[in-house]
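Colleague: The structure is given below, and queries will be raised subsequently.
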Amino acid sequence: MHNTDLEKMMDTTDEWIRERTGIQRRHYAAEGETTVDLAEKAARRAIEAAGLAPGDIDLIVFATATPDLVFPNPGTLLQARLGCRGVPAFSVEAACSGFIYALSIAEKFVRTGDARRALVVGAETLTRITDFTDRTTAILFADGAGAVVLTASEEPGIISTHLHADGGYKDLLYCTGGVSSGYEAGSDGKAVIRMAGRETFKVAVTMLGNSVDEVLAKNNLSRSAIDWLVPHQANIRIIQAVAKKLDLPMERVIVTVQDHGNTSAASVPLALDTGVRDGRIRKGDTLLLEAFGGGFTWGSALVRF
Ligand code: UT7
C-alpha cells in the first residue's frame, strides 16, 4: 500500500506522510492471511539461513500483539506447522518492544542451557486493529513478520539486553478493547489502536536515548563501538534522534520504515533481515537493536553478529 493508495481512502497526502514519518509504502496481509501465516514464512527462512531444519529447534518465543487466537498461543500454532512438536512454545506481548523482550527471554534460556537452538519470531497483522477512519494512526501501521534463530555458542552473540516498562503511560498508546475488559458499544467486537502521537513521540525519543546510554554504560563501551543501529521503525524522525545520540551517521543505521511502516514486533527483525541479506551487516559487527511501544515498553539489545 503506497501513500497514494491511502490518499484515496482518507484525508491525507503522500507529502505529509513522507515528511512527518518517512513512510512511503507498507504491506497489508491478504484477506484471511493471519499473523501465524506470515510468521511461518519468516521462521522457515530464518531456520534455513541458520543451516538448520525445523526439527532442530528446541524453543519458540513468539512476539505479537495480534495473535490468531486467544489460545492456543501463536507459538504453538507455529510449532505444529513447523513440525517440532513437544518443544516449549509461547507468546510474549509487549507491543512494539515485543521482539526485544522475546529475544531477551530466549537468550536467557540459551545462556542457562535450557535451549540450544531457539526460534524467536516477531509477527503482526496490525491492520486488523487499525481504525481506517483515523488518519493519525491509519497511515502508520502495517503487517509483517521477522525471525531469528539463536544457537548456543562459547562466543558471545547477544552481549546484553535491557528491558523497561512504565504502565503509567497506558493512555497514550493502547488498543480499545479486549477479551476481559470487553469492547466499546457498537464496535462489533473490533478493538482499534489509539495513540496520542506527539506525546508518544516525545517519550519515545527520551526513553530510547536513555536506553542507548544504559547499553553503553553497562558494557563500558564508547559510542564508536557500535557498527550498526537496528531500530524499531516507527518514524524516521525518532530513528534520526537516536542515531544522533549515538553520534552515528545515518549510513550506519538500518532504515526500512519507508518500505514497511510500523509493523510493531516485526519491525526490528525485518530491519535486521534487510541489513543482513543485503550484505551491510557482516559477521563480527556490533549491533544495537532497540524498540519502543505501547505500555509503554522499551528495550535494547547489544549483539555481536
Ligand atoms: O511504535 C510505537 C511508538 N509509536 C511512535 O513512536 C509514534 C510516535 N509519533 C509519531 O510518529 C508522530 O507523532 C505522528 C507521525 C503520529 C504524527 O506526527 P506529528 O508531527 O507529531 O503530527 P501532529 O500529531 O502534531 O499533527 C500535526 C498536524 C495536525 O494538524 P493541525 O492540528 O496542525 O492543523 C494533524 O491534524 O498534522 C495533521 N495530521 C495529518 N495531516 C495529514 C495528522 N495526521 C495526518 C495525516 N495526514 N495522516
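Just remember, in the C-alpha cells the first chain shown is A, the second B, etc., residues are 1-based per chain, and ligands are 1-based in the order shown.
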Report as CSV the residues of segment 72-133 of chain A within 12 Å of segment 167-178 of chain A, each with its shortest atom pair and distance in Å (one decimal), using only C-alpha atoms, ordered by chain and increasing residue number.

Modeller:
```
residue,atom,partner,partner_atom,distance
A:Ala94,CA,A:Gly167,CA,11.2
A:Ala95,CA,A:Tyr174,CA,9.2
A:Cys96,CA,A:Leu173,CA,10.8
A:Leu126,CA,A:Cys175,CA,10.7
A:Arg128,CA,A:Cys175,CA,11.3
A:Ile129,CA,A:Cys175,CA,7.6
A:Thr130,CA,A:Cys175,CA,9.2
A:Asp131,CA,A:Cys175,CA,10.3
```

Colleague: Quick one: write out the picked residues with C-alpha atoms as a tab-separated table (two decimals), in the first residue's frame?

Modeller:
```
chain	number	residue	atom	x	y	z
A	94	ALA	CA	4.99	-6.16	24.76
A	95	ALA	CA	3.58	-4.26	21.75
A	96	CYS	CA	6.31	-2.76	19.56
A	126	LEU	CA	-1.78	-4.66	12.83
A	128	ARG	CA	-6.78	-5.91	11.89
A	129	ILE	CA	-6.70	-3.42	14.79
A	130	THR	CA	-6.24	-0.27	12.71
A	131	ASP	CA	-9.02	2.32	12.58
```

Colleague: Taking only C-alpha atoms and all ligand atoms into account, report as a list in words which residues have an atom no farther than 6 Å from an atom of ligand 1.

Modeller: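 Here is the list of contacting residues: Thr12, Thr13, Trp16, Arg20, Thr21, Cys96, Arg135, Thr136, Ile139, Gly197, Arg198, Thr200, Phe201, Ala204, Ala234, Asn235, Ser264, Phe292 and Gly293 of chain A.
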
Colleague: Between A:Gln233, A:Ser267, A:Gln258, A:Thr297, which is the closest to Asp14 of chain A once you count only C-alpha atoms?

Modeller: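 Smallest distance to Asp14 of chain A is found for A:Gln258.
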
Colleague: I want to know what sits within 12 Å of Ile226 of chain A, based on only C-alpha atoms, with residues of the same chain fewer than 5 positions away left out; could you give that as a ChimeraX atom specification?

Modeller: /A:212,215-216,219,221,243,245-249,252-253,281,284-289,301-305

Colleague: Now that the selection is made, can you save its residues with N, CA and C atoms as a short mmCIF file (atom, residue, chain, number, x, y, z; two decimals), in the first residue's frame?

Modeller:
```cif
data_model
loop_
_atom_site.label_atom_id
_atom_site.label_comp_id
_atom_site.auth_asym_id
_atom_site.auth_seq_id
_atom_site.Cartn_x
_atom_site.Cartn_y
_atom_site.Cartn_z
N VAL A 212 20.08 3.94 25.08
CA VAL A 212 21.40 3.94 24.43
C VAL A 212 22.49 4.18 25.47
N VAL A 215 22.97 0.98 27.61
CA VAL A 215 23.71 -0.11 26.94
C VAL A 215 25.20 0.19 26.96
N LEU A 216 25.56 1.41 26.61
CA LEU A 216 26.98 1.76 26.54
C LEU A 216 27.61 1.71 27.93
N ASN A 219 28.08 -1.84 29.43
CA ASN A 219 29.11 -2.64 28.75
C ASN A 219 30.44 -1.90 28.65
N LEU A 221 31.32 0.74 27.04
CA LEU A 221 31.66 0.97 25.63
C LEU A 221 31.53 2.45 25.29
N ALA A 243 20.02 7.99 16.40
CA ALA A 243 21.32 7.94 15.70
C ALA A 243 22.19 9.12 16.13
N LYS A 245 22.06 10.69 18.96
CA LYS A 245 22.50 10.40 20.34
C LYS A 245 23.74 9.50 20.33
N LEU A 246 23.76 8.58 19.36
CA LEU A 246 24.89 7.64 19.25
C LEU A 246 26.04 8.24 18.44
N ASP A 247 25.82 9.44 17.90
CA ASP A 247 26.82 10.06 17.02
C ASP A 247 27.12 9.18 15.81
N LEU A 248 26.07 8.52 15.34
CA LEU A 248 26.21 7.56 14.25
C LEU A 248 25.64 8.18 12.97
N PRO A 249 26.40 8.20 11.86
CA PRO A 249 25.82 8.72 10.63
C PRO A 249 24.69 7.81 10.16
N ARG A 252 25.00 4.27 8.88
CA ARG A 252 25.23 3.12 9.77
C ARG A 252 23.94 2.71 10.48
N VAL A 253 22.82 3.14 9.95
CA VAL A 253 21.52 2.81 10.55
C VAL A 253 20.71 2.03 9.51
N ILE A 281 25.35 -5.74 7.06
CA ILE A 281 25.74 -6.29 8.36
C ILE A 281 26.55 -7.55 8.12
N GLY A 284 30.75 -10.50 12.96
CA GLY A 284 31.68 -9.77 13.81
C GLY A 284 31.25 -8.35 14.11
N ASP A 285 30.26 -7.82 13.36
CA ASP A 285 29.80 -6.45 13.61
C ASP A 285 29.05 -6.36 14.95
N THR A 286 29.14 -5.19 15.55
CA THR A 286 28.42 -4.95 16.80
C THR A 286 27.15 -4.14 16.49
N LEU A 287 26.01 -4.71 16.88
CA LEU A 287 24.70 -4.11 16.56
C LEU A 287 24.01 -3.64 17.83
N LEU A 288 23.33 -2.53 17.71
CA LEU A 288 22.44 -2.10 18.78
C LEU A 288 21.01 -2.16 18.25
N LEU A 289 20.23 -3.06 18.85
CA LEU A 289 18.82 -3.20 18.49
C LEU A 289 18.02 -2.46 19.56
N ALA A 301 19.08 -4.30 22.80
CA ALA A 301 19.95 -5.48 22.85
C ALA A 301 21.25 -5.14 22.14
N LEU A 302 22.36 -5.47 22.78
CA LEU A 302 23.67 -5.31 22.16
C LEU A 302 24.08 -6.68 21.64
N VAL A 303 24.36 -6.74 20.34
CA VAL A 303 24.57 -8.04 19.69
C VAL A 303 25.88 -8.04 18.92
N ARG A 304 26.69 -9.07 19.11
CA ARG A 304 27.86 -9.28 18.24
C ARG A 304 27.40 -10.27 17.18
N PHE A 305 27.34 -9.82 15.93
CA PHE A 305 26.70 -10.65 14.90
C PHE A 305 27.63 -11.79 14.49
#
```

Colleague: Could you build a table of the residues in segment 231-298 of chain A lying no more than 10 Å from segment 141-144 of chain A, giving for each the nearest pair of atoms and their separation in Å rounded to one decimal place, using only C-alpha atoms, ordered by chain and ascending residue number, as a Markdown table?

Modeller:
```
| residue | atom | partner | partner_atom | distance |
| --- | --- | --- | --- | --- |
| A:Ala234 | CA | A:Phe141 | CA | 8.5 |
| A:His260 | CA | A:Ala142 | CA | 6.9 |
| A:Gly261 | CA | A:Phe141 | CA | 5.9 |
| A:Asn262 | CA | A:Phe141 | CA | 4.7 |
| A:Thr263 | CA | A:Ala142 | CA | 5.1 |
| A:Ser264 | CA | A:Phe141 | CA | 7.9 |
| A:Ala265 | CA | A:Gly144 | CA | 8.8 |
| A:Ala266 | CA | A:Gly144 | CA | 5.8 |
| A:Ser267 | CA | A:Gly144 | CA | 7.7 |
| A:Pro269 | CA | A:Gly144 | CA | 9.8 |
| A:Leu270 | CA | A:Gly144 | CA | 7.8 |
```

Colleague: Just to be explicit: take each residue in the selection above, keep N, CA and C atoms, and write the result as a short mmCIF file (atom, residue, chain, number, x, y, z; two decimals), in the first residue's frame.

Modeller:
```cif
data_model
loop_
_atom_site.label_atom_id
_atom_site.label_comp_id
_atom_site.auth_asym_id
_atom_site.auth_seq_id
_atom_site.Cartn_x
_atom_site.Cartn_y
_atom_site.Cartn_z
N ALA A 234 9.30 3.16 13.64
CA ALA A 234 8.02 3.84 13.86
C ALA A 234 7.96 5.15 13.08
N HIS A 260 8.18 -0.44 5.05
CA HIS A 260 7.38 -1.32 5.91
C HIS A 260 6.37 -0.60 6.79
N GLY A 261 6.53 0.71 7.00
CA GLY A 261 5.72 1.38 8.01
C GLY A 261 6.04 0.81 9.38
N ASN A 262 5.09 0.95 10.30
CA ASN A 262 5.31 0.44 11.66
C ASN A 262 4.66 -0.93 11.78
N THR A 263 5.49 -1.97 11.87
CA THR A 263 4.97 -3.33 12.00
C THR A 263 5.14 -3.88 13.41
N SER A 264 5.29 -2.99 14.39
CA SER A 264 5.34 -3.38 15.80
C SER A 264 6.41 -4.45 16.05
N ALA A 265 6.03 -5.59 16.59
CA ALA A 265 7.03 -6.60 16.98
C ALA A 265 7.82 -7.16 15.79
N ALA A 266 7.31 -6.95 14.57
CA ALA A 266 8.02 -7.47 13.39
C ALA A 266 9.09 -6.50 12.90
N SER A 267 9.07 -5.28 13.41
CA SER A 267 9.86 -4.23 12.79
C SER A 267 11.37 -4.43 12.93
N PRO A 269 13.16 -7.33 13.61
CA PRO A 269 13.69 -8.46 12.82
C PRO A 269 13.58 -8.25 11.31
N LEU A 270 12.58 -7.49 10.86
CA LEU A 270 12.51 -7.17 9.42
C LEU A 270 13.69 -6.29 9.01
#
```

Colleague: Between A:Gly122, A:Gly86, A:Gly113, A:Gly186, which one has atoms that come closest to Thr35 of chain A, using only C-alpha atoms?

Modeller: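 Nearest to Thr35 of chain A: A:Gly122.
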
Colleague: Tell me which protein, DNA and RNA residues are within 10 Å of His162 of chain A, counting only C-alpha atoms, leaving out same-chain ones fewer than 4 positions away, and put them as a list in words.

Modeller: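 Once the nearby chain positions are removed, what remains is Ile100, Tyr101, Ser104, Ser211, Val212, Glu214, Val215, Lys218, Glu290, Trp298, Gly299, Ser300, Ala301 and Leu302 of chain A.
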
Colleague: Run DSSP on the backbone and tell me which residues of segment 41-271 of chain A come out as strand (DSSP E or B); list them as a PyMOL selection string.

Modeller: chain A and resi 59-63+89-92+117-125+141+143-151+158-165+173-175+178+182+193-195+228-231+253+262

Colleague: Would you pick out the contacts of segment 36-39 of chain A at 7 Å or less, using only C-alpha atoms, so that residues sharing its chain but fewer than 6 positions from it are not included, and give the list as a list in words?

Modeller: Asp68, Pro74, Leu78, Val121, Ala123, Gly144, Ala145 and Gly146 of chain A

Colleague: The selected residues should be written to file as a PDB file, in the first residue's frame (atoms: all heavy atoms).

Modeller:
```
ATOM      1  N   ASP A  68      -3.422 -14.973  16.300  1.00  0.00           N
ATOM      2  CA  ASP A  68      -4.543 -15.542  15.528  1.00  0.00           C
ATOM      3  C   ASP A  68      -5.735 -15.822  16.440  1.00  0.00           C
ATOM      4  O   ASP A  68      -6.876 -15.538  16.089  1.00  0.00           O
ATOM      5  CB  ASP A  68      -4.126 -16.871  14.876  1.00  0.00           C
ATOM      6  CG  ASP A  68      -3.088 -16.670  13.778  1.00  0.00           C
ATOM      7  OD1 ASP A  68      -2.330 -15.684  13.833  1.00  0.00           O
ATOM      8  OD2 ASP A  68      -3.032 -17.512  12.866  1.00  0.00           O
ATOM      9  N   PRO A  74       0.181 -18.311  19.633  1.00  0.00           N
ATOM     10  CA  PRO A  74       0.691 -18.435  18.259  1.00  0.00           C
ATOM     11  C   PRO A  74       2.000 -19.227  18.159  1.00  0.00           C
ATOM     12  O   PRO A  74       2.291 -19.788  17.101  1.00  0.00           O
ATOM     13  CB  PRO A  74       0.886 -16.984  17.815  1.00  0.00           C
ATOM     14  CG  PRO A  74       0.956 -16.193  19.077  1.00  0.00           C
ATOM     15  CD  PRO A  74       0.090 -16.903  20.058  1.00  0.00           C
ATOM     16  N   LEU A  78       2.488 -22.125  15.400  1.00  0.00           N
ATOM     17  CA  LEU A  78       3.659 -22.154  14.522  1.00  0.00           C
ATOM     18  C   LEU A  78       4.420 -23.468  14.687  1.00  0.00           C
ATOM     19  O   LEU A  78       4.852 -24.086  13.704  1.00  0.00           O
ATOM     20  CB  LEU A  78       4.572 -20.964  14.847  1.00  0.00           C
ATOM     21  CG  LEU A  78       5.866 -20.868  14.059  1.00  0.00           C
ATOM     22  CD1 LEU A  78       5.600 -20.729  12.561  1.00  0.00           C
ATOM     23  CD2 LEU A  78       6.704 -19.690  14.570  1.00  0.00           C
ATOM     24  N   VAL A 121      10.477 -15.081  17.075  1.00  0.00           N
ATOM     25  CA  VAL A 121       9.676 -14.522  15.983  1.00  0.00           C
ATOM     26  C   VAL A 121       8.986 -13.235  16.441  1.00  0.00           C
ATOM     27  O   VAL A 121       8.540 -13.138  17.582  1.00  0.00           O
ATOM     28  CB  VAL A 121       8.570 -15.535  15.561  1.00  0.00           C
ATOM     29  CG1 VAL A 121       7.795 -15.019  14.360  1.00  0.00           C
ATOM     30  CG2 VAL A 121       9.162 -16.891  15.269  1.00  0.00           C
ATOM     31  N   ALA A 123       5.848 -11.043  14.793  1.00  0.00           N
ATOM     32  CA  ALA A 123       4.916 -11.032  13.651  1.00  0.00           C
ATOM     33  C   ALA A 123       3.631 -10.319  14.051  1.00  0.00           C
ATOM     34  O   ALA A 123       3.183 -10.422  15.195  1.00  0.00           O
ATOM     35  CB  ALA A 123       4.610 -12.465  13.206  1.00  0.00           C
ATOM     36  N   GLY A 144       3.514  -7.688   8.983  1.00  0.00           N
ATOM     37  CA  GLY A 144       4.812  -8.252   8.613  1.00  0.00           C
ATOM     38  C   GLY A 144       5.272  -9.278   9.633  1.00  0.00           C
ATOM     39  O   GLY A 144       4.623  -9.478  10.669  1.00  0.00           O
ATOM     40  N   ALA A 145       6.386  -9.915   9.317  1.00  0.00           N
ATOM     41  CA  ALA A 145       6.958 -10.918  10.233  1.00  0.00           C
ATOM     42  C   ALA A 145       8.452 -11.012  10.018  1.00  0.00           C
ATOM     43  O   ALA A 145       8.935 -10.843   8.891  1.00  0.00           O
ATOM     44  CB  ALA A 145       6.314 -12.285   9.985  1.00  0.00           C
ATOM     45  N   GLY A 146       9.173 -11.262  11.081  1.00  0.00           N
ATOM     46  CA  GLY A 146      10.614 -11.494  11.002  1.00  0.00           C
ATOM     47  C   GLY A 146      10.998 -12.527  12.046  1.00  0.00           C
ATOM     48  O   GLY A 146      10.263 -12.722  13.022  1.00  0.00           O
TER      49      GLY A 146
END
```

Colleague: In Å, how far is it from atom CA of Val61 of chain A to atom CA of Ile105 of chain A?

Modeller: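 That distance, rounded to one decimal, is 7.9 Å.
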
Colleague: Give me, please, the distance in Å between atom CA of Asp114 of chain A and atom CA of Ala53 of chain A, quoted to one decimal.

Modeller: 19.1 Å

Colleague: Per DSSP on the backbone, filter segment 4-45 of chain A down to the residues in alpha helix (DSSP H) and report them as an mmCIF file with N, CA and C atoms, in the first residue's frame.

Modeller:
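Output saved as result.cif:
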```cif
data_model
loop_
_atom_site.group_PDB
_atom_site.id
_atom_site.type_symbol
_atom_site.label_atom_id
_atom_site.label_comp_id
_atom_site.auth_asym_id
_atom_site.auth_seq_id
_atom_site.Cartn_x
_atom_site.Cartn_y
_atom_site.Cartn_z
ATOM 1 N N THR A 4 0.002 6.961 -1.831
ATOM 2 C CA THR A 4 -1.009 7.438 -2.792
ATOM 3 C C THR A 4 -2.288 6.575 -2.724
ATOM 4 N N ASP A 5 -2.145 5.304 -2.345
ATOM 5 C CA ASP A 5 -3.345 4.471 -2.146
ATOM 6 C C ASP A 5 -4.146 4.991 -0.951
ATOM 7 N N LEU A 6 -3.418 5.412 0.094
ATOM 8 C CA LEU A 6 -4.109 5.904 1.289
ATOM 9 C C LEU A 6 -4.770 7.262 1.029
ATOM 10 N N GLU A 7 -4.161 8.029 0.126
ATOM 11 C CA GLU A 7 -4.767 9.335 -0.238
ATOM 12 C C GLU A 7 -6.207 9.145 -0.710
ATOM 13 N N ASP A 14 0.563 12.163 0.339
ATOM 14 C CA ASP A 14 1.864 11.482 0.279
ATOM 15 C C ASP A 14 2.941 12.373 0.908
ATOM 16 N N GLU A 15 2.872 13.657 0.609
ATOM 17 C CA GLU A 15 3.872 14.606 1.111
ATOM 18 C C GLU A 15 3.865 14.656 2.640
ATOM 19 N N TRP A 16 2.676 14.748 3.249
ATOM 20 C CA TRP A 16 2.590 14.821 4.713
ATOM 21 C C TRP A 16 3.177 13.538 5.320
ATOM 22 N N ILE A 17 2.786 12.389 4.784
ATOM 23 C CA ILE A 17 3.231 11.121 5.376
ATOM 24 C C ILE A 17 4.761 10.992 5.268
ATOM 25 N N ARG A 18 5.303 11.309 4.103
ATOM 26 C CA ARG A 18 6.766 11.217 3.931
ATOM 27 C C ARG A 18 7.496 12.161 4.880
ATOM 28 N N GLU A 19 7.016 13.399 4.944
ATOM 29 C CA GLU A 19 7.717 14.408 5.753
ATOM 30 C C GLU A 19 7.632 14.124 7.236
ATOM 31 N N ARG A 20 6.457 13.719 7.715
ATOM 32 C CA ARG A 20 6.265 13.556 9.165
ATOM 33 C C ARG A 20 6.679 12.188 9.673
ATOM 34 N N THR A 21 6.741 11.170 8.765
ATOM 35 C CA THR A 21 7.030 9.802 9.244
ATOM 36 C C THR A 21 8.168 9.106 8.501
ATOM 37 N N THR A 35 -1.463 -13.728 11.316
ATOM 38 C CA THR A 35 -0.131 -13.478 11.873
ATOM 39 C C THR A 35 0.740 -14.734 11.774
ATOM 40 N N VAL A 36 0.165 -15.889 12.090
ATOM 41 C CA VAL A 36 0.966 -17.125 12.047
ATOM 42 C C VAL A 36 1.320 -17.504 10.603
ATOM 43 N N ASP A 37 0.444 -17.174 9.658
ATOM 44 C CA ASP A 37 0.792 -17.409 8.239
ATOM 45 C C ASP A 37 2.063 -16.633 7.873
ATOM 46 N N LEU A 38 2.110 -15.371 8.288
ATOM 47 C CA LEU A 38 3.291 -14.550 7.997
ATOM 48 C C LEU A 38 4.504 -15.092 8.749
ATOM 49 N N ALA A 39 4.275 -15.448 10.011
ATOM 50 C CA ALA A 39 5.377 -15.930 10.857
ATOM 51 C C ALA A 39 5.998 -17.209 10.314
ATOM 52 N N GLU A 40 5.164 -18.077 9.759
ATOM 53 C CA GLU A 40 5.694 -19.352 9.259
ATOM 54 C C GLU A 40 6.711 -19.100 8.143
ATOM 55 N N LYS A 41 6.384 -18.152 7.263
ATOM 56 C CA LYS A 41 7.320 -17.867 6.163
ATOM 57 C C LYS A 41 8.639 -17.337 6.706
ATOM 58 N N ALA A 42 8.543 -16.395 7.657
ATOM 59 C CA ALA A 42 9.768 -15.823 8.234
ATOM 60 C C ALA A 42 10.558 -16.894 8.986
ATOM 61 N N ALA A 43 9.856 -17.739 9.743
ATOM 62 C CA ALA A 43 10.527 -18.765 10.551
ATOM 63 C C ALA A 43 11.282 -19.752 9.652
ATOM 64 N N ARG A 44 10.636 -20.180 8.587
ATOM 65 C CA ARG A 44 11.299 -21.154 7.691
ATOM 66 C C ARG A 44 12.544 -20.540 7.061
ATOM 67 N N ARG A 45 12.458 -19.263 6.697
ATOM 68 C CA ARG A 45 13.629 -18.606 6.095
ATOM 69 C C ARG A 45 14.750 -18.435 7.120
#
```

Colleague: Which residues, written as a PDB file with N, CA, C and O atoms, in the first residue's frame, have at least one atom at most 9 Å from Gly275 of chain A, with only C-alpha atoms counted and residues fewer than 6 positions away on the same chain left out?

Modeller:
```pdb
ATOM      1  N   VAL A 230      20.055  -0.918  14.653  1.00  0.00           N
ATOM      2  CA  VAL A 230      18.906  -1.597  14.020  1.00  0.00           C
ATOM      3  C   VAL A 230      17.672  -1.242  14.857  1.00  0.00           C
ATOM      4  O   VAL A 230      17.324  -1.944  15.807  1.00  0.00           O
ATOM      5  N   ILE A 254      20.126   0.925   9.923  1.00  0.00           N
ATOM      6  CA  ILE A 254      19.276   0.166   9.002  1.00  0.00           C
ATOM      7  C   ILE A 254      17.875   0.771   9.063  1.00  0.00           C
ATOM      8  O   ILE A 254      17.192   0.682  10.089  1.00  0.00           O
ATOM      9  N   VAL A 255      17.492   1.389   7.970  1.00  0.00           N
ATOM     10  CA  VAL A 255      16.185   2.074   7.910  1.00  0.00           C
ATOM     11  C   VAL A 255      15.298   1.354   6.888  1.00  0.00           C
ATOM     12  O   VAL A 255      15.663   1.231   5.716  1.00  0.00           O
ATOM     13  N   ILE A 281      25.351  -5.744   7.058  1.00  0.00           N
ATOM     14  CA  ILE A 281      25.741  -6.291   8.362  1.00  0.00           C
ATOM     15  C   ILE A 281      26.554  -7.553   8.123  1.00  0.00           C
ATOM     16  O   ILE A 281      26.112  -8.472   7.431  1.00  0.00           O
ATOM     17  N   ARG A 282      27.759  -7.561   8.703  1.00  0.00           N
ATOM     18  CA  ARG A 282      28.663  -8.707   8.479  1.00  0.00           C
ATOM     19  C   ARG A 282      29.024  -9.368   9.794  1.00  0.00           C
ATOM     20  O   ARG A 282      28.927  -8.770  10.852  1.00  0.00           O
TER      21      ARG A 282
END
```

Colleague: Looking at A:Pro156, A:Gly189, A:Pro231, A:Gly182, which one is nearest to Val205 of chain A, with distances taken over only C-alpha atoms?

Modeller: A:Pro231

Colleague: Here is a test: counting only C-alpha atoms, which residue of A:Asp134, A:Asp56, A:Glu33, A:Glu48 is nearest to Met9 of chain A?

Modeller: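 Under the stated criterion, the closest residue is A:Asp134.
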
Colleague: Compare A:Ala152, A:Ala80, A:Ala196, A:Val268 by their minimum atom-to-atom distance to Ser97 of chain A, counting only C-alpha atoms, and give me the closest one.

Modeller: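 Of A:Ala152, A:Ala80, A:Ala196, A:Val268, the one nearest Ser97 of chain A, counting only C-alpha atoms, is A:Val268.
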
Colleague: Do a neighbour search on Ala106 of chain A at 10 Å with only C-alpha atoms, toss out local chain neighbours closer than 3 positions, and write the hits as a list in words.

Modeller: Leu59, Ile60, Val61, Phe62, Ile100, Tyr101, Ala102, Leu103, Phe109, Val110, Arg111, Asp114, Ala115, Arg116, Arg117, Ala118, Leu119, Val120, Val149 and Leu150 of chain A

Colleague: Determine the nearest neighbour of Ala30 of chain A from the options A:Gln79, A:Thr127, A:Asn73, A:Ser181, counting only C-alpha atoms.

Modeller: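 The answer is A:Thr127, which sits nearest to Ala30 of chain A.
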
Colleague: How far is it from atom CA of Val92 of chain A to atom CA of Pro67 of chain A, in Å with one decimal?

Modeller: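 Pair atom CA of Val92 of chain A / atom CA of Pro67 of chain A returns 10.1 Å.
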